[in-house]
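Each remark here refers to the structure printed beneath this line.
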Amino acid sequence: MSDADGTLLDAPHARKRAAAETRSQAPADDLSFASALRSAEVGRAKQFVPILLGMLAVGVLFMFVAGGDPVAKAGVLAGIAASAIAISYLLVLTRHPAAFTELRLTAIYAVCMLGFHAGAYFWGVFSPVAAIGALGIFFLGIGRNPRTALFLYLLCVVPQAALAVAIIAGALRDRGLVTADRPDVAEQVVQQVMLQAVYAVTYLMARSTRAQLDHAVRDHERAIRAVAARDALLVEARQDLDRALKVGGPGRFTDQRVGSFRLGVMIGRGAMGDVYEAVHVETGAPAAVKLLGAGPLSRFYREASAVAKLESPHIVRLLEVSAADAELPYIAMERLRGLDLAHVLREHRRLTLGEVRTLATQVARGLEAARAAGIVHRDIKPQNLFRHDGAGQPVWKVLDFGVSKLADQSGTLTTDHVVGTPMYMAPEQARGQPVDHRADICALATVIYRALTGQPPHAGSDIPAIMYAVVHRMPQRPGDLVKLPADVDRVLAIGLAKDPEQRFATATQLADALAAGAASKLPESLRARADALLAAKPWGAE
């Protein structure tokens, strides 16, 4: 199971729970509202089918009872037959939502609309039957596609008007059961104008109703996302509080000597153990010493030795590593003064674009040094990025390589575990698959998203829900949460790509692209690359 910050997860347990989430297609609260609206369209069609079939049956019955002109009767029978076939096909489509496309719906409703005109000609363009078209206009006008709604509206009103004009002008014989009972042309024109007005008002009401529905759904979606973001921030705060409650005072090993250092108060907690303030017993130089918890540490020493050789001002410097068989294993690091990014974000919630550019550039340099040495950090998150306020300008440094791995070796400290913090994992990491430096690039993009927008890109009620979102969902477009250049959205789309092959090749490429995007000067090649990614999997899509 995980520790306080969820850094180490038992792989079989986590993958089993995440797989269960996948099979269930996520909790109901997380369903896409676009899918919900589509389901509503299917539901409306299912309700419409029996109404249409009932109207056709009643029309056939009344037609034979009423008699009428044989030519008009033949036309309406053909219209009824075509409409019945179209409605039957609509019924089939409601049982297969994947086939419920806009083009097919348009064709079906167009056939029904033409069938209605055949019926209107039989009953008479001056009969009350013509007013039934208003029902169809409202039903079709409330559909989600405005162009389809307008097309079907015109398909109703234009033939109706053409029939009426032709009959009033004497160009077409009126074969209807109900005809104009007065020869006054002006009265007939007024009657048809009023009918057209009813059609127009019905259409406008339908579109207004649809607009209000869409607005309400968007407001609801924003509210749900705001709640999810708040919950995600609460999870972060709880994790930070758990650590904070255990630091800042004497620890179990305060005043004891380990290696070349004497320990002071506890100043932090990490995935691998507690961190103490310390001083070198001979030189008095300050340091931070992490005492490692119990566990299979042999692989850690191999990897820690590699990290100790890293030369970068943006990676915390290792001073000393205990022997592999030490009674109290430890690593000693340079003592940093300042705040980690998690603390900064608690105070300010989000950073300016300029501040994030500086953060990304410096952290990317540290990650590039690790990549060049064949080391994958695997736990880039706000708690592991530290703003060191030393002499001169503050410098961002990468901390805690305790769960890192060597890129050319499969063995790690955490064999058979999913490693990392769920909210900042790369998709392949959440699946428990092998990872390389591109997992760190994805994590850095996640940190950038969090720092810019004030909320993590992925949220959930528990760890499996978060991991499901990491693997399957694109987050909300960052530009929808805070004003950003469109090119910054594109940079994050590449950095957060689900497939590691589609991400930037290096962390410095990500940082350079962010700097260009912030100035709206992203190269056209990267714009096209991001647009292609978003066309295949848009923001917010699953």
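Residue numbering restarts at 1 for every chain of the structure tokens, chains are lettered A, B, ... in their displayed order, and ligands are numbered from 1 as they appear.
Every protein, DNA or RNA residue with an atom at most 12 Å from Arg44 in chain A, where only C-alpha atoms count and chain neighbours fewer than 3 positions away do not, is listed here: A:Leu37, A:Arg38, A:Ser39, A:Ala40, A:Glu41, A:Gln47, A:Phe48, A:Val49, A:Pro50, A:Ile51, A:Leu90, A:Leu91, A:Thr94, A:Phe139, A:Leu140, A:Ile142, A:Gly143, A:Arg144.
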Next, the residues of the selection above should be written as a compact mmCIF listing (two decimals), in the first residue's frame with N, CA and C atoms.
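Result file is selection-v2.txt:
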# COMPACT_ATOMS: atom_id res chain seq x y z
N LEU A 37 -25.12 13.86 -23.24
CA LEU A 37 -26.01 14.52 -24.19
C LEU A 37 -26.33 13.59 -25.36
N ARG A 38 -25.36 12.82 -25.77
CA ARG A 38 -25.61 11.85 -26.84
C ARG A 38 -26.62 10.81 -26.39
N SER A 39 -26.48 10.35 -25.15
CA SER A 39 -27.44 9.39 -24.62
C SER A 39 -28.84 9.99 -24.56
N ALA A 40 -28.90 11.29 -24.25
CA ALA A 40 -30.20 11.96 -24.23
C ALA A 40 -30.82 12.00 -25.62
N GLU A 41 -30.00 12.19 -26.66
CA GLU A 41 -30.50 12.18 -28.03
C GLU A 41 -31.09 10.82 -28.37
N GLN A 47 -38.25 7.62 -27.55
CA GLN A 47 -39.60 8.09 -27.21
C GLN A 47 -40.36 8.54 -28.45
N PHE A 48 -39.64 9.05 -29.44
CA PHE A 48 -40.28 9.57 -30.65
C PHE A 48 -40.80 8.45 -31.55
N VAL A 49 -40.13 7.31 -31.56
CA VAL A 49 -40.50 6.21 -32.45
C VAL A 49 -41.94 5.75 -32.25
N PRO A 50 -42.39 5.39 -31.04
CA PRO A 50 -43.79 4.96 -30.90
C PRO A 50 -44.79 6.05 -31.23
N ILE A 51 -44.43 7.32 -30.98
CA ILE A 51 -45.34 8.42 -31.32
C ILE A 51 -45.53 8.49 -32.83
N LEU A 90 -34.65 3.86 -37.58
CA LEU A 90 -34.32 4.67 -36.40
C LEU A 90 -34.38 3.83 -35.13
N LEU A 91 -35.37 2.95 -35.05
CA LEU A 91 -35.49 2.06 -33.88
C LEU A 91 -34.26 1.16 -33.77
N THR A 94 -31.29 3.14 -32.35
CA THR A 94 -31.34 3.42 -30.91
C THR A 94 -30.79 2.25 -30.10
N PHE A 139 -39.32 19.08 -32.10
CA PHE A 139 -38.52 17.90 -31.76
C PHE A 139 -37.17 17.94 -32.45
N LEU A 140 -37.16 18.29 -33.73
CA LEU A 140 -35.91 18.31 -34.48
C LEU A 140 -35.08 19.56 -34.15
N ILE A 142 -34.66 20.97 -31.34
CA ILE A 142 -33.98 20.89 -30.05
C ILE A 142 -32.76 19.98 -30.12
N GLY A 143 -32.49 19.41 -31.32
CA GLY A 143 -31.32 18.56 -31.49
C GLY A 143 -30.03 19.33 -31.31
N ARG A 144 -28.93 18.61 -31.15
CA ARG A 144 -27.68 19.27 -30.79
C ARG A 144 -26.98 19.94 -31.96
| request: Just the residues within 6 Å of range 312-328 of chain A, please, counting only C-alpha atoms, with nothing from its chain fewer than 4 positions along; format it as number ranges by chain. | output: A: 308, 332-334, 366, 396-399
N, CA and C atoms of the current selection, written as a PDB file, in the first residue's frame:
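The resulting file, out_5.pdb, is shown below:
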ATOM      1  N   ALA A 308      25.172  10.448  -7.270  1.00  0.00           N
ATOM      2  CA  ALA A 308      26.226  11.241  -6.627  1.00  0.00           C
ATOM      3  C   ALA A 308      27.194  11.812  -7.646  1.00  0.00           C
ATOM      4  N   ALA A 332      23.735  11.745   2.762  1.00  0.00           N
ATOM      5  CA  ALA A 332      23.899  13.140   3.185  1.00  0.00           C
ATOM      6  C   ALA A 332      23.896  14.027   1.941  1.00  0.00           C
ATOM      7  N   MET A 333      23.131  15.096   2.005  1.00  0.00           N
ATOM      8  CA  MET A 333      22.981  16.001   0.860  1.00  0.00           C
ATOM      9  C   MET A 333      23.287  17.418   1.297  1.00  0.00           C
ATOM     10  N   GLU A 334      23.480  18.286   0.299  1.00  0.00           N
ATOM     11  CA  GLU A 334      23.679  19.694   0.619  1.00  0.00           C
ATOM     12  C   GLU A 334      22.442  20.234   1.324  1.00  0.00           C
ATOM     13  N   GLY A 366      18.170  20.033 -14.872  1.00  0.00           N
ATOM     14  CA  GLY A 366      18.501  18.964 -13.939  1.00  0.00           C
ATOM     15  C   GLY A 366      18.109  17.597 -14.481  1.00  0.00           C
ATOM     16  N   TRP A 396      16.057  26.583  -8.732  1.00  0.00           N
ATOM     17  CA  TRP A 396      15.218  25.394  -8.563  1.00  0.00           C
ATOM     18  C   TRP A 396      16.085  24.154  -8.674  1.00  0.00           C
ATOM     19  N   LYS A 397      15.895  23.245  -7.721  1.00  0.00           N
ATOM     20  CA  LYS A 397      16.668  22.004  -7.695  1.00  0.00           C
ATOM     21  C   LYS A 397      15.732  20.802  -7.606  1.00  0.00           C
ATOM     22  N   VAL A 398      16.161  19.711  -8.214  1.00  0.00           N
ATOM     23  CA  VAL A 398      15.414  18.447  -8.152  1.00  0.00           C
ATOM     24  C   VAL A 398      15.915  17.665  -6.950  1.00  0.00           C
ATOM     25  N   LEU A 399      14.967  17.214  -6.120  1.00  0.00           N
ATOM     26  CA  LEU A 399      15.297  16.452  -4.915  1.00  0.00           C
ATOM     27  C   LEU A 399      14.907  14.991  -5.081  1.00  0.00           C
TER      28      LEU A 399
END
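Computed from the coordinates, the CA of Val395 in chain A to CA of Gln362 in chain A distance equals 7.5 Å.
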| Which polymer residues have any atom within 9 Å of an atom of Ala120 in chain A, counting only C-alpha atoms, with same-chain residues fewer than 3 positions away left out, as an NGL selection string? | :A and (76 or 115-117 or 123-127 or 129-130 or 160 or 176)
Selection above as a file: N, CA and C atoms, as a PDB file, in the first residue's frame:
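Saved to out_37.pdb:
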ATOM      1  N   VAL A  76     -49.970   9.757 -50.345  1.00  0.00           N
ATOM      2  CA  VAL A  76     -49.805   9.650 -48.903  1.00  0.00           C
ATOM      3  C   VAL A  76     -49.468   8.232 -48.480  1.00  0.00           C
ATOM      4  N   GLY A 115     -42.690  12.667 -46.026  1.00  0.00           N
ATOM      5  CA  GLY A 115     -43.927  11.916 -45.825  1.00  0.00           C
ATOM      6  C   GLY A 115     -45.014  12.786 -45.217  1.00  0.00           C
ATOM      7  N   PHE A 116     -44.617  13.678 -44.322  1.00  0.00           N
ATOM      8  CA  PHE A 116     -45.583  14.614 -43.734  1.00  0.00           C
ATOM      9  C   PHE A 116     -46.205  15.510 -44.807  1.00  0.00           C
ATOM     10  N   HIS A 117     -45.387  15.969 -45.762  1.00  0.00           N
ATOM     11  CA  HIS A 117     -45.923  16.836 -46.820  1.00  0.00           C
ATOM     12  C   HIS A 117     -46.912  16.076 -47.711  1.00  0.00           C
ATOM     13  N   TRP A 123     -54.658  15.694 -46.869  1.00  0.00           N
ATOM     14  CA  TRP A 123     -55.653  16.270 -45.959  1.00  0.00           C
ATOM     15  C   TRP A 123     -55.984  17.719 -46.331  1.00  0.00           C
ATOM     16  N   GLY A 124     -55.024  18.382 -46.943  1.00  0.00           N
ATOM     17  CA  GLY A 124     -55.263  19.751 -47.367  1.00  0.00           C
ATOM     18  C   GLY A 124     -54.314  20.714 -46.685  1.00  0.00           C
ATOM     19  N   VAL A 125     -53.681  21.596 -47.482  1.00  0.00           N
ATOM     20  CA  VAL A 125     -52.742  22.551 -46.914  1.00  0.00           C
ATOM     21  C   VAL A 125     -53.449  23.584 -46.043  1.00  0.00           C
ATOM     22  N   PHE A 126     -54.778  23.649 -46.125  1.00  0.00           N
ATOM     23  CA  PHE A 126     -55.535  24.571 -45.284  1.00  0.00           C
ATOM     24  C   PHE A 126     -56.198  23.847 -44.112  1.00  0.00           C
ATOM     25  N   SER A 127     -55.862  22.548 -43.941  1.00  0.00           N
ATOM     26  CA  SER A 127     -56.453  21.762 -42.857  1.00  0.00           C
ATOM     27  C   SER A 127     -55.616  21.885 -41.594  1.00  0.00           C
ATOM     28  N   VAL A 129     -54.227  19.620 -40.096  1.00  0.00           N
ATOM     29  CA  VAL A 129     -53.117  18.660 -40.147  1.00  0.00           C
ATOM     30  C   VAL A 129     -51.793  19.375 -40.407  1.00  0.00           C
ATOM     31  N   ALA A 130     -51.820  20.463 -41.158  1.00  0.00           N
ATOM     32  CA  ALA A 130     -50.592  21.190 -41.476  1.00  0.00           C
ATOM     33  C   ALA A 130     -49.891  21.691 -40.220  1.00  0.00           C
ATOM     34  N   GLN A 160     -44.023  23.257 -47.700  1.00  0.00           N
ATOM     35  CA  GLN A 160     -45.364  23.668 -47.284  1.00  0.00           C
ATOM     36  C   GLN A 160     -45.755  24.983 -47.959  1.00  0.00           C
ATOM     37  N   GLY A 176     -56.953  18.152 -51.485  1.00  0.00           N
ATOM     38  CA  GLY A 176     -57.119  17.886 -50.063  1.00  0.00           C
ATOM     39  C   GLY A 176     -58.558  17.657 -49.651  1.00  0.00           C
TER      40      GLY A 176
END
| said: Which residues are near Ile167 in chain A? Cut-off 12 Å, only C-alpha atoms, ignore same chain within fewer than 2 positions. Put them as a list of chain:residue names. | reply: A:Tyr121, A:Gly124, A:Val125, A:Phe126, A:Gln160, A:Ala161, A:Ala162, A:Leu163, A:Ala164, A:Val165, A:Ala169, A:Gly170, A:Ala171, A:Leu172, A:Arg173, A:Asp174, A:Arg175, A:Gly176, A:Thr179, A:Ala180, A:Pro183, A:Val185, A:Gln188, A:Val189, A:Gln192
Could those selected residues go to a file with N, CA and C atoms, as an mmCIF file, in the first residue's frame?
data_model
loop_
_atom_site.group_PDB
_atom_site.id
_atom_site.type_symbol
_atom_site.label_atom_id
_atom_site.label_comp_id
_atom_site.auth_asym_id
_atom_site.auth_seq_id
_atom_site.Cartn_x
_atom_site.Cartn_y
_atom_site.Cartn_z
ATOM 1 N N TYR A 121 -50.775 17.253 -48.180
ATOM 2 C CA TYR A 121 -51.439 17.457 -49.457
ATOM 3 C C TYR A 121 -52.748 16.664 -49.517
ATOM 4 N N GLY A 124 -55.024 18.382 -46.943
ATOM 5 C CA GLY A 124 -55.263 19.751 -47.367
ATOM 6 C C GLY A 124 -54.314 20.714 -46.685
ATOM 7 N N VAL A 125 -53.681 21.596 -47.482
ATOM 8 C CA VAL A 125 -52.742 22.551 -46.914
ATOM 9 C C VAL A 125 -53.449 23.584 -46.043
ATOM 10 N N PHE A 126 -54.778 23.649 -46.125
ATOM 11 C CA PHE A 126 -55.535 24.571 -45.284
ATOM 12 C C PHE A 126 -56.198 23.847 -44.112
ATOM 13 N N GLN A 160 -44.023 23.257 -47.700
ATOM 14 C CA GLN A 160 -45.364 23.668 -47.284
ATOM 15 C C GLN A 160 -45.755 24.983 -47.959
ATOM 16 N N ALA A 161 -44.846 25.949 -47.934
ATOM 17 C CA ALA A 161 -45.124 27.238 -48.570
ATOM 18 C C ALA A 161 -45.294 27.082 -50.083
ATOM 19 N N ALA A 162 -44.441 26.228 -50.696
ATOM 20 C CA ALA A 162 -44.537 26.023 -52.144
ATOM 21 C C ALA A 162 -45.876 25.397 -52.544
ATOM 22 N N LEU A 163 -46.331 24.393 -51.767
ATOM 23 C CA LEU A 163 -47.634 23.770 -52.036
ATOM 24 C C LEU A 163 -48.757 24.796 -51.924
ATOM 25 N N ALA A 164 -48.715 25.588 -50.849
ATOM 26 C CA ALA A 164 -49.772 26.570 -50.617
ATOM 27 C C ALA A 164 -49.810 27.611 -51.729
ATOM 28 N N VAL A 165 -48.608 28.120 -52.110
ATOM 29 C CA VAL A 165 -48.560 29.137 -53.171
ATOM 30 C C VAL A 165 -49.076 28.570 -54.496
ATOM 31 N N ALA A 169 -52.383 29.980 -56.271
ATOM 32 C CA ALA A 169 -52.217 30.576 -57.602
ATOM 33 C C ALA A 169 -52.940 29.793 -58.682
ATOM 34 N N GLY A 170 -53.467 28.613 -58.345
ATOM 35 C CA GLY A 170 -54.166 27.808 -59.332
ATOM 36 C C GLY A 170 -53.253 26.967 -60.180
ATOM 37 N N ALA A 171 -51.956 26.946 -59.880
ATOM 38 C CA ALA A 171 -51.017 26.147 -60.659
ATOM 39 C C ALA A 171 -51.090 24.674 -60.307
ATOM 40 N N LEU A 172 -51.631 24.352 -59.175
ATOM 41 C CA LEU A 172 -51.749 22.966 -58.719
ATOM 42 C C LEU A 172 -53.152 22.749 -58.178
ATOM 43 N N ARG A 173 -53.735 21.622 -58.587
ATOM 44 C CA ARG A 173 -55.096 21.312 -58.128
ATOM 45 C C ARG A 173 -55.073 20.967 -56.637
ATOM 46 N N ASP A 174 -56.001 21.541 -55.898
ATOM 47 C CA ASP A 174 -56.115 21.230 -54.470
ATOM 48 C C ASP A 174 -56.912 19.960 -54.312
ATOM 49 N N ARG A 175 -56.227 18.850 -53.987
ATOM 50 C CA ARG A 175 -56.879 17.548 -53.846
ATOM 51 C C ARG A 175 -57.164 17.219 -52.378
ATOM 52 N N GLY A 176 -56.953 18.152 -51.485
ATOM 53 C CA GLY A 176 -57.119 17.886 -50.063
ATOM 54 C C GLY A 176 -58.558 17.657 -49.651
ATOM 55 N N THR A 179 -60.382 21.995 -47.994
ATOM 56 C CA THR A 179 -59.914 23.055 -48.881
ATOM 57 C C THR A 179 -60.357 24.398 -48.331
ATOM 58 N N ALA A 180 -59.835 25.469 -48.924
ATOM 59 C CA ALA A 180 -60.240 26.812 -48.495
ATOM 60 C C ALA A 180 -61.725 26.990 -48.765
ATOM 61 N N PRO A 183 -63.217 31.821 -51.479
ATOM 62 C CA PRO A 183 -62.344 32.035 -52.631
ATOM 63 C C PRO A 183 -61.438 33.231 -52.486
ATOM 64 N N VAL A 185 -58.440 35.210 -52.052
ATOM 65 C CA VAL A 185 -57.013 34.880 -52.065
ATOM 66 C C VAL A 185 -56.291 35.494 -50.880
ATOM 67 N N GLN A 188 -56.602 33.410 -47.812
ATOM 68 C CA GLN A 188 -55.790 32.198 -47.903
ATOM 69 C C GLN A 188 -54.309 32.521 -47.621
ATOM 70 N N VAL A 189 -53.844 33.638 -48.169
ATOM 71 C CA VAL A 189 -52.455 34.030 -47.942
ATOM 72 C C VAL A 189 -52.210 34.311 -46.465
ATOM 73 N N GLN A 192 -51.853 31.098 -44.497
ATOM 74 C CA GLN A 192 -50.567 30.431 -44.676
ATOM 75 C C GLN A 192 -49.428 31.210 -44.006
#
| Non-local contacts of Thr101 in chain A (12 Å; only C-alpha atoms; under 2 positions in same chain excluded) as an MDAnalysis selection string | chainID A and resid 38 41:42 90 93:94 96:99 103:108 144:145 148
| said: Between CA of Ile441 in chain A and CA of Val289 in chain A, what distance in Å does the model show, to one decimal? | reply: 27.8 Å
| query | Near range 469-483 of chain A, within 6 Å and counting only C-alpha atoms, which residues show up once chain neighbours fewer than 3 positions away are dropped, as a ChimeraX atom specification? | reply | /A:427,453,457-458,466,539-542
| query | Can you tell me, as a PyMOL selection string, what residues are no more than 10 Å from Leu56 in chain A when counting only C-alpha atoms, ignoring any on the same chain fewer than 3 positions away? | reply | chain A and resi 50-53+59-62+77+79-81+83-84+115-116+119
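The coordinates place CA of Met423 in chain A at 18.2 Å from CA of Asp436 in chain A.
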| request: Identify, with DSSP run on backbone atoms, the residues in range 309-362 of chain A assigned to strand (DSSP E or B), and express the list as number ranges by chain. | output: A: 315, 318-321, 330-334, 338-340
